[in-house]
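Raw contents of target-v7.cif, mmCIF, C-alpha atoms:
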data_start
loop_
_atom_site.group_PDB
_atom_site.id
_atom_site.type_symbol
_atom_site.label_atom_id
_atom_site.label_comp_id
_atom_site.auth_asym_id
_atom_site.auth_seq_id
_atom_site.Cartn_x
_atom_site.Cartn_y
_atom_site.Cartn_z
ATOM 1 C CA PRO A 89 25.981 7.577 -25.456
ATOM 2 C CA LYS A 90 23.796 4.925 -23.928
ATOM 3 C CA TRP A 91 20.120 5.517 -23.081
ATOM 4 C CA LEU A 92 18.264 2.702 -21.455
ATOM 5 C CA THR A 93 14.801 1.543 -20.672
ATOM 6 C CA MET A 94 14.574 0.969 -16.961
ATOM 7 C CA ILE A 95 12.250 -1.471 -15.252
ATOM 8 C CA LYS A 96 11.619 -1.126 -11.557
ATOM 9 C CA ILE A 97 10.903 -4.212 -9.477
ATOM 10 C CA VAL A 98 9.189 -3.423 -6.225
ATOM 11 C CA ALA A 99 8.390 -6.158 -3.772
ATOM 12 C CA TYR A 100 6.194 -5.841 -0.720
ATOM 13 C CA THR A 101 6.291 -8.621 1.797
ATOM 14 C CA LYS A 102 3.744 -8.146 4.528
ATOM 15 C CA THR A 103 2.926 -11.823 4.812
ATOM 16 C CA VAL A 104 5.276 -11.678 1.920
ATOM 17 C CA VAL A 105 3.908 -9.568 -0.937
ATOM 18 C CA PHE A 106 5.954 -8.769 -4.031
ATOM 19 C CA SER A 107 5.124 -6.098 -6.660
ATOM 20 C CA VAL A 108 6.781 -5.251 -9.929
ATOM 21 C CA PHE A 109 6.389 -1.810 -11.449
ATOM 22 C CA LEU A 110 7.625 -1.190 -14.952
ATOM 23 C CA THR A 111 8.643 2.362 -15.697
ATOM 24 C CA ILE A 112 10.098 3.745 -18.878
ATOM 25 C CA ILE A 113 12.853 6.248 -18.155
ATOM 26 C CA CYS A 114 14.018 6.652 -21.737
ATOM 27 C CA ASN A 115 13.449 4.570 -24.849
ATOM 28 C CA LEU A 116 15.874 5.870 -27.446
ATOM 29 C CA LEU A 117 19.472 4.841 -28.147
ATOM 30 C CA VAL A 118 21.363 6.520 -30.986
ATOM 31 C CA GLY A 119 24.922 5.520 -31.832
ATOM 32 C CA GLN A 120 27.532 5.283 -34.567
ATOM 33 C CA ASN A 121 26.752 4.140 -38.126
ATOM 34 C CA ASN A 122 23.277 5.633 -37.839
ATOM 35 C CA ILE A 123 22.188 3.009 -35.327
ATOM 36 C CA THR A 124 18.769 3.582 -33.836
ATOM 37 C CA SER A 125 17.233 1.355 -31.193
ATOM 38 C CA LYS A 126 14.084 1.722 -29.124
ATOM 39 C CA ILE A 127 12.275 -0.327 -26.503
ATOM 40 C CA ARG A 128 8.606 0.401 -25.777
ATOM 41 C CA ILE A 129 6.504 -1.273 -23.109
ATOM 42 C CA LEU A 130 3.210 -2.188 -24.796
ATOM 43 C CA ARG A 131 1.633 -4.216 -21.980
ATOM 44 C CA GLY A 132 2.307 -5.239 -18.415
ATOM 45 C CA SER A 133 3.494 -2.232 -16.515
ATOM 46 C CA ASN A 134 2.455 -3.492 -13.049
ATOM 47 C CA VAL A 135 3.097 -7.000 -11.774
ATOM 48 C CA GLY A 136 2.231 -7.938 -8.210
ATOM 49 C CA PHE A 137 3.792 -10.949 -6.520
ATOM 50 C CA ASN A 138 1.489 -11.321 -3.545
ATOM 51 C CA PHE A 139 2.677 -14.222 -1.390
ATOM 52 C CA ASN A 140 -0.553 -14.574 0.569
ATOM 53 C CA SER A 141 -0.814 -18.358 0.902
ATOM 54 C CA TYR A 142 1.473 -21.166 1.989
ATOM 55 C CA ASN A 143 1.293 -22.654 -1.523
ATOM 56 C CA ARG A 144 2.579 -19.408 -3.069
ATOM 57 C CA ILE A 145 5.297 -19.014 -0.435
ATOM 58 C CA GLN A 146 6.400 -22.621 -0.922
ATOM 59 C CA ASN A 147 6.151 -22.818 -4.747
ATOM 60 C CA GLY A 148 6.565 -19.199 -5.839
ATOM 61 C CA ILE A 149 4.605 -17.243 -8.424
ATOM 62 C CA THR A 150 5.004 -17.054 -12.218
ATOM 63 C CA TYR A 151 3.387 -14.606 -14.627
ATOM 64 C CA ASN A 152 3.787 -15.922 -18.179
ATOM 65 C CA ASP A 153 4.022 -13.432 -21.067
ATOM 66 C CA PHE A 154 2.999 -10.638 -18.723
ATOM 67 C CA THR A 155 4.984 -7.794 -20.264
ATOM 68 C CA GLN A 156 5.161 -7.122 -23.986
ATOM 69 C CA LEU A 157 8.126 -5.108 -25.274
ATOM 70 C CA GLN A 158 8.364 -3.658 -28.756
ATOM 71 C CA LEU A 159 11.963 -3.796 -29.992
ATOM 72 C CA TYR A 160 13.155 -1.587 -32.827
ATOM 73 C CA PHE A 161 16.738 -1.696 -34.113
ATOM 74 C CA ASN A 162 18.046 -0.199 -37.337
ATOM 75 C CA ASP A 163 21.714 -0.121 -38.398
ATOM 76 C CA THR A 164 22.038 1.857 -41.625
ATOM 77 C CA VAL A 165 24.718 3.494 -43.751
ATOM 78 C CA ALA A 166 24.474 6.590 -45.952
ATOM 79 C CA GLY A 167 21.247 6.644 -47.917
ATOM 80 C CA GLY A 168 19.347 4.744 -45.211
ATOM 81 C CA ILE A 169 20.164 1.284 -46.526
ATOM 82 C CA PRO A 170 20.900 -1.577 -44.083
ATOM 83 C CA ASN A 171 24.538 -1.710 -43.033
ATOM 84 C CA PRO A 172 26.101 -4.699 -44.875
ATOM 85 C CA THR A 173 28.759 -5.044 -42.135
ATOM 86 C CA SER A 174 26.280 -4.925 -39.245
ATOM 87 C CA GLN A 175 26.944 -7.447 -36.487
ATOM 88 C CA GLY A 176 23.253 -7.404 -35.487
ATOM 89 C CA TRP A 177 21.575 -6.578 -32.201
ATOM 90 C CA GLN A 178 21.280 -7.898 -28.645
ATOM 91 C CA LEU A 179 18.838 -7.471 -25.767
ATOM 92 C CA THR A 180 20.399 -7.552 -22.297
ATOM 93 C CA VAL A 181 19.181 -7.165 -18.735
ATOM 94 C CA ARG A 182 20.819 -6.364 -15.401
ATOM 95 C CA ALA A 183 19.873 -5.208 -11.932
ATOM 96 C CA LEU A 184 21.186 -1.811 -10.900
ATOM 97 C CA GLN A 185 21.666 -2.856 -7.262
ATOM 98 C CA PRO A 186 23.592 -5.830 -5.819
ATOM 99 C CA ASN A 187 20.465 -7.260 -4.150
ATOM 100 C CA ILE A 188 16.743 -6.725 -3.593
ATOM 101 C CA SER A 189 16.684 -4.370 -0.623
ATOM 102 C CA GLY A 190 13.991 -4.114 2.021
ATOM 103 C CA SER A 191 12.735 -0.580 2.545
ATOM 104 C CA MET A 192 11.338 -1.022 6.071
ATOM 105 C CA THR A 193 14.139 -3.230 7.426
ATOM 106 C CA THR A 194 17.750 -3.955 6.544
ATOM 107 C CA SER A 195 16.698 -7.307 5.048
ATOM 108 C CA THR A 196 17.660 -8.239 1.508
ATOM 109 C CA LEU A 197 16.705 -10.909 -1.000
ATOM 110 C CA PRO A 198 19.170 -12.297 -3.546
ATOM 111 C CA LEU A 199 18.690 -11.069 -7.099
ATOM 112 C CA GLU A 200 18.435 -14.712 -8.173
ATOM 113 C CA SER A 201 15.026 -14.843 -6.458
ATOM 114 C CA ILE A 202 13.665 -13.313 -9.679
ATOM 115 C CA LYS A 203 13.749 -15.284 -12.944
ATOM 116 C CA ILE A 204 13.141 -13.734 -16.367
ATOM 117 C CA THR A 205 12.091 -15.574 -19.535
ATOM 118 C CA ILE A 206 11.853 -13.917 -22.966
ATOM 119 C CA LYS A 207 9.623 -15.214 -25.769
ATOM 120 C CA LYS A 208 10.284 -14.146 -29.356
ATOM 121 C CA ASN A 209 8.367 -15.650 -32.284
ATOM 122 C CA GLY A 210 6.949 -18.397 -30.072
ATOM 123 C CA ILE A 211 10.362 -19.533 -28.772
ATOM 124 C CA ASN A 212 11.217 -19.203 -25.066
ATOM 125 C CA TYR A 213 14.700 -18.107 -23.984
ATOM 126 C CA GLY A 214 15.518 -18.681 -20.329
ATOM 127 C CA PRO A 215 14.692 -18.670 -17.534
ATOM 128 C CA TYR A 216 17.578 -16.432 -16.550
ATOM 129 C CA ASP A 217 18.511 -15.505 -12.996
ATOM 130 C CA LEU A 218 18.457 -11.778 -12.441
ATOM 131 C CA GLY A 219 21.969 -10.506 -11.689
ATOM 132 C CA ALA A 220 23.952 -7.299 -11.270
ATOM 133 C CA THR A 221 26.042 -7.895 -14.405
ATOM 134 C CA GLU A 222 24.663 -7.484 -17.902
ATOM 135 C CA LEU A 223 23.132 -10.739 -19.151
ATOM 136 C CA LEU A 224 22.409 -11.490 -22.809
ATOM 137 C CA LEU A 225 18.745 -12.505 -23.201
ATOM 138 C CA ILE A 226 18.404 -12.754 -26.998
ATOM 139 C CA ASP A 227 20.277 -11.553 -30.057
ATOM 140 C CA GLY A 228 20.069 -11.584 -33.826
ATOM 141 C CA PRO A 229 22.365 -11.109 -36.822
ATOM 142 C CA ASP A 230 20.091 -8.717 -38.737
ATOM 143 C CA ALA A 231 20.785 -5.014 -39.299
ATOM 144 C CA THR A 232 17.075 -4.300 -38.759
ATOM 145 C CA LEU A 233 14.580 -5.514 -36.171
ATOM 146 C CA ASN A 234 10.985 -4.476 -35.551
ATOM 147 C CA ASP A 235 9.403 -7.142 -33.381
ATOM 148 C CA ASN A 236 7.634 -7.737 -30.104
ATOM 149 C CA VAL A 237 8.829 -9.969 -27.286
ATOM 150 C CA GLU A 238 7.011 -11.172 -24.195
ATOM 151 C CA VAL A 239 8.636 -11.162 -20.770
ATOM 152 C CA SER A 240 7.673 -13.696 -18.103
ATOM 153 C CA TYR A 241 8.551 -13.184 -14.452
ATOM 154 C CA SER A 242 8.931 -15.713 -11.652
ATOM 155 C CA CYS A 243 9.692 -15.064 -8.029
ATOM 156 C CA GLY A 244 10.381 -17.643 -5.345
ATOM 157 C CA THR A 245 10.134 -20.594 -7.767
ATOM 158 C CA ASP A 246 13.673 -21.883 -7.229
ATOM 159 C CA SER A 247 14.027 -24.928 -4.972
ATOM 160 C CA ASN A 248 17.210 -23.434 -3.514
ATOM 161 C CA PRO A 249 16.198 -22.108 -0.052
ATOM 162 C CA ASN A 250 18.248 -18.940 -0.642
ATOM 163 C CA TYR A 251 15.997 -17.970 -3.562
ATOM 164 C CA ASN A 252 12.515 -19.032 -2.471
ATOM 165 C CA MET A 253 10.262 -17.065 -0.109
ATOM 166 C CA ILE A 254 10.111 -19.500 2.809
ATOM 167 C CA ASN A 255 11.207 -17.833 6.081
ATOM 168 C CA LYS A 256 11.953 -14.466 4.447
ATOM 169 C CA VAL A 257 11.455 -11.303 6.502
ATOM 170 C CA PRO A 258 8.221 -9.480 5.565
ATOM 171 C CA ASP A 259 9.116 -6.150 3.948
ATOM 172 C CA TYR A 260 8.738 -3.924 0.906
ATOM 173 C CA TYR A 261 11.614 -4.987 -1.361
ATOM 174 C CA VAL A 262 12.927 -2.903 -4.270
ATOM 175 C CA VAL A 263 15.389 -3.355 -7.146
ATOM 176 C CA ASP A 264 15.745 -1.526 -10.482
ATOM 177 C CA ILE A 265 16.178 -3.605 -13.631
ATOM 178 C CA GLU A 266 17.629 -2.258 -16.869
ATOM 179 C CA PHE A 267 16.859 -3.739 -20.301
ATOM 180 C CA THR A 268 19.183 -2.570 -23.096
ATOM 181 C CA LEU A 269 18.834 -3.043 -26.860
ATOM 182 C CA LYS A 270 22.166 -2.395 -28.561
ATOM 183 C CA PRO A 271 24.525 -3.498 -31.334
ATOM 184 C CA GLN A 272 26.446 -6.746 -30.853
#
Target format structure tokens, applied to this file:
Amino acid sequence: PKWLTMIKIVAYTKTVVFSVFLTIICNLLVGQNNITSKIRILRGSNVGFNFNSYNRIQNGITYNDFTQLQLYFNDTVAGGIPNPTSQGWQLTVRALQPNISGSMTTSTLPLESIKITIKKNGINYGPYDLGATELLLIDGPDATLNDNVEVSYSCGTDSNPNYNMINKVPDYYVVDIEFTLKPQ
């Protein structure tokens, strides 16, 4: 069985405003070989992308290290010892919808309008374009993990006109994002 932590991205564009709300749905994954994994949101449950100036509309908005996630992964065998044949862990992300949908109009924004960067132990991984298929963010070979990572978000920072906020229809845009911590 697969239990996931779900992150909800909500964007409001009334002169183009964008909000991100982080919501934990469930934070426990239990699987074979006594595998336990958890994701907890420690900081950064509400991010607002408010495109209220030409500079922000033209250049986009970035929030560095805004969300802090606590990752816990433990792959053990009988007796609670680390599994010597463990393949390690991986953290993935995906959007649950095919695009960022407007709630007041039929307008949509491409998922690639949102970029995600992960920082673990001072090293940045990304930025990654948000997509509807599961994307590997970081991984590790260890049978155990108990560490924090920071998540940075950008919206409208891509120079591609399809992904920036110039000439986008003002609306309240929504997409759900799912982070998963699981065995490799």
What's the separation between atom CA of A:Asn152 and atom CA of A:Phe139, in Å to one decimal place? 16.9 Å
For the PyMOL selection byres ((chain A and resi 146-149) around 7), applied here, can you spell out every residue it catches as a PyMOL selection string? chain A and resi 137+142-145+150-151+242-245+252-254
Restricting the calculation to only C-alpha atoms: of A:Asn122, A:Thr193, A:Ser240, A:Thr232, which residue gets closest to A:Phe154?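 Distance minimum relative to A:Phe154 lands on A:Ser240.
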Here is a test: counting all atoms listed in the file, which residue of A:Ser125, A:Thr221, A:Asn255, A:Ser247 is nearest to A:Gln178?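 The closest residue to A:Gln178 is A:Ser125.
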Put a box with edges along x, y and z around all the listed atoms of stretch 193-197 of chain A, pad it by 6 Å on each side, then give me its centre and sizes in Å, one decimal, as JSON.
{"center_x": 15.9, "center_y": -7.1, "center_z": 3.2, "size_x": 15.6, "size_y": 19.7, "size_z": 20.4}
Write out, as CSV, each residue of stretch 202-256 of chain A that has an atom at most 7 Å from stretch 155-161 of chain A, together with the closest pair of atoms and their distance in Å to one decimal, counting all atoms listed in the file, rows going by chain and rising number.
residue,atom,partner,partner_atom,distance
A:Thr232,CA,A:Phe161,CA,5.3
A:Leu233,CA,A:Phe161,CA,4.8
A:Asn234,CA,A:Tyr160,CA,4.5
A:Asp235,CA,A:Leu159,CA,5.4
A:Asn236,CA,A:Gln158,CA,4.4
A:Val237,CA,A:Leu157,CA,5.3
A:Glu238,CA,A:Gln156,CA,4.5
A:Val239,CA,A:Thr155,CA,5.0
A:Ser240,CA,A:Thr155,CA,6.8
Explicit residues for the PyMOL selection byres ((chain A and resi 217) around 6) (as a PDB file with C-alpha atoms, in the frame of the given file):
ATOM      1  CA  GLU A 200      18.435 -14.712  -8.173  1.00  0.00           C
ATOM      2  CA  LYS A 203      13.749 -15.284 -12.944  1.00  0.00           C
ATOM      3  CA  TYR A 216      17.578 -16.432 -16.550  1.00  0.00           C
ATOM      4  CA  LEU A 218      18.457 -11.778 -12.441  1.00  0.00           C
TER       5      LEU A 218
END
Pairwise distance for atom CA of A:Gln185 and atom CA of A:Lys256, rounded to one decimal in Å: 19.1 Å
The PyMOL selection byres ((chain A and resi 191) around 7) applied to the shown file, residues as a ChimeraX atom specification: /A:189-190,192-193,259-261
When you count all atoms listed in the file, which of these residues is closest to A:Val263: A:Gly228, A:Pro186, A:Pro215, A:Pro249?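 Distance minimum relative to A:Val263 lands on A:Pro186.
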Length of the atom CA of A:Thr180 to atom CA of A:Val262 vector [Å]: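 Computing the Euclidean distance for atom CA of A:Thr180 and atom CA of A:Val262 yields 20.1 Å.
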Could you check the closest approach to A:Gly132 for each of A:Pro258, A:Gly219, A:Tyr241, A:Asn162 and tell me which residue wins, using all atoms listed in the file?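 So, comparing all the options, the nearest one is A:Tyr241.
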Can you find the residues with an atom no farther than 8 Å from (20.9, -4.3, -19.2), counting all atoms listed in the file, and report them as a PyMOL selection string? chain A and resi 92+179-183+221-223+265-268
